[in-house]
Amino acid sequence: VVPPYDKNNVFARILRGEMPFEWVYGNQYVMAFRDIAPVAKVHVLVVPRGAYVNYHDFIENAPANEQLGFWKAVDHVARELGLAENGWRMVANTGKDAGQVVPHFHIHILGGEPLGPMDN
Ligand code: 5GP
């Protein structure tokens with residue numbers, strides 16, 4: 001079900017320090033950086049340091065401490081970005097129909113302005 005992990009996807013390269021990125025946060029479990037093509041005033045990506053292709057791979061295969069560390073970091077980043085008061089959106093594109101382009105599991109944090117309803 002889960003395709004093999006491509007070690008040369010852009011987020012793997014960012015995690016290895018092989019590509020420039022705009023740093024937001026990092027700890028033992030995650031890295032967070034600005035999306036290169038923001039679709040909201042604040043658009044940050046949170047990626048686990050571990051090699052997981054998509055949400056299914058992450059939730060089935062990542063150790064529990066990595067999973068908890070990841071979800072806590074998403075909340076921490078949203079708060080650090082000042083989004084807690086006015087709110088924010090979390091998105092995880094999964095597979096073809098969702099338009100997932102980077103095959104390394106990640107969460108989009110969107111906010112900093114009213115986002116409007118989700119179109120689909
Ligand atoms: P998804 O796979 O969830 O559809 O989205 C991948 C996201 O990664 C897109 O929003 C895209 O703009 C962003 N992205 C793609 N390549 C890079 C990159 O090299 N650097 C950064 N910071 N973001 C990227």
# chains A, B, ... in the order shown; residues from 1 in each chain; ligands from 1
call {"tool": "residues_around", "arguments": {"residues": "Gly69 in chain A", "least_positions_apart": "5", "cutoff": "9 Å", "atoms": "only C-alpha atoms", "output": "mmCIF file with C-alpha atoms, in the first residue's frame"}}
result
data_model
loop_
_atom_site.group_PDB
_atom_site.id
_atom_site.type_symbol
_atom_site.label_atom_id
_atom_site.label_comp_id
_atom_site.auth_asym_id
_atom_site.auth_seq_id
_atom_site.Cartn_x
_atom_site.Cartn_y
_atom_site.Cartn_z
ATOM 1 C CA ASN A 27 13.523 19.532 17.733
ATOM 2 C CA GLN A 28 14.424 15.832 17.883
ATOM 3 C CA TYR A 29 11.163 14.844 16.188
ATOM 4 C CA VAL A 30 10.402 17.521 13.590
ATOM 5 C CA PRO A 48 8.800 14.450 10.969
ATOM 6 C CA ALA A 64 4.505 6.260 19.581
ATOM 7 C CA VAL A 74 2.557 21.081 15.309
#
call {"tool": "residues_near_ligand", "arguments": {"ligand": "ligand 1", "cutoff": "7 Å", "atoms": "only C-alpha atoms and all ligand atoms", "output": "PyMOL selection string"}}
result
chain A and resi 10+21-22+33-38+92-93+99-103+106+108
call {"tool": "closest_residue", "arguments": {"among": "A:Arg16, A:Lys41, A:Lys7, A:Lys96", "to": "Pro114 in chain A", "atoms": "only C-alpha atoms"}}
result
A:Lys41
call {"tool": "residues_around", "arguments": {"residues": "Glu80 in chain A", "least_positions_apart": "6", "cutoff": "12 Å", "atoms": "only C-alpha atoms", "output": "PyMOL selection string"}}
result
chain A and resi 24-25+32+42+44+73-74+109
call {"tool": "select_by_dssp", "arguments": {"residues": "chain A", "states": "helix (DSSP H, G or I)", "output": "JSON, numbers by chain"}}
result
{"A": [10, 11, 12, 13, 14, 15, 55, 56, 57, 58, 59, 60, 61, 64, 65, 66, 67, 68, 69, 70, 71, 72, 73, 74, 75, 76, 77, 78, 79, 80]}
call {"tool": "write_last_selection", "arguments": {"atoms": "C-alpha atoms", "output": "PDB file, in the first residue's frame"}}
result
ATOM      1  CA  VAL A  10      12.828  17.628  -1.389  1.00  0.00           C
ATOM      2  CA  PHE A  11      11.930  17.342   2.295  1.00  0.00           C
ATOM      3  CA  ALA A  12      14.486  14.567   2.813  1.00  0.00           C
ATOM      4  CA  ARG A  13      17.055  16.868   1.231  1.00  0.00           C
ATOM      5  CA  ILE A  14      15.976  19.777   3.438  1.00  0.00           C
ATOM      6  CA  LEU A  15      16.228  17.517   6.524  1.00  0.00           C
ATOM      7  CA  TYR A  55      -0.137   9.715   6.910  1.00  0.00           C
ATOM      8  CA  HIS A  56      -0.842   5.978   6.748  1.00  0.00           C
ATOM      9  CA  ASP A  57       2.868   5.170   6.809  1.00  0.00           C
ATOM     10  CA  PHE A  58       3.424   7.569   9.727  1.00  0.00           C
ATOM     11  CA  ILE A  59       0.512   6.438  11.903  1.00  0.00           C
ATOM     12  CA  GLU A  60       1.167   2.728  11.293  1.00  0.00           C
ATOM     13  CA  ASN A  61       4.950   2.695  11.421  1.00  0.00           C
ATOM     14  CA  ALA A  64       4.505   6.260  19.581  1.00  0.00           C
ATOM     15  CA  ASN A  65       6.973   8.799  20.994  1.00  0.00           C
ATOM     16  CA  GLU A  66       7.698  10.100  17.485  1.00  0.00           C
ATOM     17  CA  GLN A  67       3.993  10.447  16.779  1.00  0.00           C
ATOM     18  CA  LEU A  68       3.261  12.283  20.003  1.00  0.00           C
ATOM     19  CA  GLY A  69       6.354  14.446  19.519  1.00  0.00           C
ATOM     20  CA  PHE A  70       5.200  15.325  16.039  1.00  0.00           C
ATOM     21  CA  TRP A  71       1.639  16.328  16.961  1.00  0.00           C
ATOM     22  CA  LYS A  72       2.810  18.296  19.980  1.00  0.00           C
ATOM     23  CA  ALA A  73       5.314  20.127  17.768  1.00  0.00           C
ATOM     24  CA  VAL A  74       2.557  21.081  15.309  1.00  0.00           C
ATOM     25  CA  ASP A  75       0.673  22.735  18.155  1.00  0.00           C
ATOM     26  CA  HIS A  76       3.845  24.338  19.487  1.00  0.00           C
ATOM     27  CA  VAL A  77       4.711  25.836  16.100  1.00  0.00           C
ATOM     28  CA  ALA A  78       1.186  27.220  15.608  1.00  0.00           C
ATOM     29  CA  ARG A  79       1.424  28.892  19.024  1.00  0.00           C
ATOM     30  CA  GLU A  80       4.931  30.225  18.400  1.00  0.00           C
TER      31      GLU A  80
END
call {"tool": "closest_residue", "arguments": {"among": "A:Met19, A:Met31, A:Asn9, A:Gly95", "to": "Val47 in chain A", "atoms": "only C-alpha atoms"}}
result
A:Met31
call {"tool": "atom_distance", "arguments": {"atom1": "CA of Leu115 in chain A", "atom2": "CA of Ala98 in chain A"}}
result
18.6 Å
call {"tool": "select_by_dssp", "arguments": {"residues": "range 32-115 of chain A", "states": "strand (DSSP E or B)", "output": "CSV table (one decimal) with N, CA and C atoms, in the first residue's frame"}}
result
chain,number,residue,atom,x,y,z
A,32,ALA,N,10.3,22.5,11.1
A,32,ALA,CA,9.3,23.3,10.5
A,32,ALA,C,9.9,24.4,9.7
A,33,PHE,N,9.4,24.7,8.5
A,33,PHE,CA,9.9,25.7,7.7
A,33,PHE,C,8.8,26.3,6.8
A,34,ARG,N,9.1,27.5,6.3
A,34,ARG,CA,8.1,28.2,5.5
A,34,ARG,C,7.9,27.4,4.1
A,42,VAL,N,0.3,33.1,6.6
A,42,VAL,CA,1.3,32.2,7.3
A,42,VAL,C,1.1,30.8,6.7
A,43,HIS,N,2.1,30.3,6.2
A,43,HIS,CA,2.0,28.9,5.6
A,43,HIS,C,3.4,28.2,5.9
A,44,VAL,N,3.3,27.3,6.9
A,44,VAL,CA,4.4,26.6,7.4
A,44,VAL,C,4.2,25.1,7.3
A,45,LEU,N,5.3,24.4,7.0
A,45,LEU,CA,5.2,22.9,6.9
A,45,LEU,C,5.9,22.3,8.1
A,46,VAL,N,5.3,21.3,8.7
A,46,VAL,CA,5.9,20.6,9.8
A,46,VAL,C,6.2,19.2,9.3
A,47,VAL,N,7.4,18.7,9.3
A,47,VAL,CA,7.8,17.4,8.8
A,47,VAL,C,8.4,16.6,9.9
A,48,PRO,N,8.1,15.3,10.0
A,48,PRO,CA,8.8,14.5,11.0
A,48,PRO,C,10.2,14.2,10.5
A,88,TRP,N,-6.3,28.7,13.2
A,88,TRP,CA,-5.5,28.3,12.1
A,88,TRP,C,-6.0,27.0,11.6
A,89,ARG,N,-5.5,26.5,10.5
A,89,ARG,CA,-5.9,25.3,9.8
A,89,ARG,C,-4.7,24.3,9.6
A,90,MET,N,-5.0,23.1,9.8
A,90,MET,CA,-4.0,22.0,9.6
A,90,MET,C,-4.5,21.2,8.4
A,91,VAL,N,-3.6,20.9,7.4
A,91,VAL,CA,-3.9,20.2,6.2
A,91,VAL,C,-2.9,19.1,6.0
A,107,ILE,N,2.6,18.2,7.6
A,107,ILE,CA,1.4,18.9,7.9
A,107,ILE,C,1.6,20.4,7.4
A,108,HIS,N,0.5,20.9,6.8
A,108,HIS,CA,0.5,22.4,6.5
A,108,HIS,C,-0.1,23.1,7.6
A,109,ILE,N,0.5,24.1,8.1
A,109,ILE,CA,-0.1,25.1,9.1
A,109,ILE,C,-0.5,26.3,8.3
A,110,LEU,N,-1.8,26.7,8.3
A,110,LEU,CA,-2.2,27.8,7.5
A,110,LEU,C,-2.9,28.8,8.5
A,111,GLY,N,-2.6,30.1,8.3
A,111,GLY,CA,-3.3,31.1,9.2
A,111,GLY,C,-2.8,32.4,8.9
call {"tool": "closest_residue", "arguments": {"among": "A:Thr94, A:Ala40, A:Glu85, A:His104", "to": "Pro4 in chain A", "atoms": "only C-alpha atoms"}}
result
A:His104
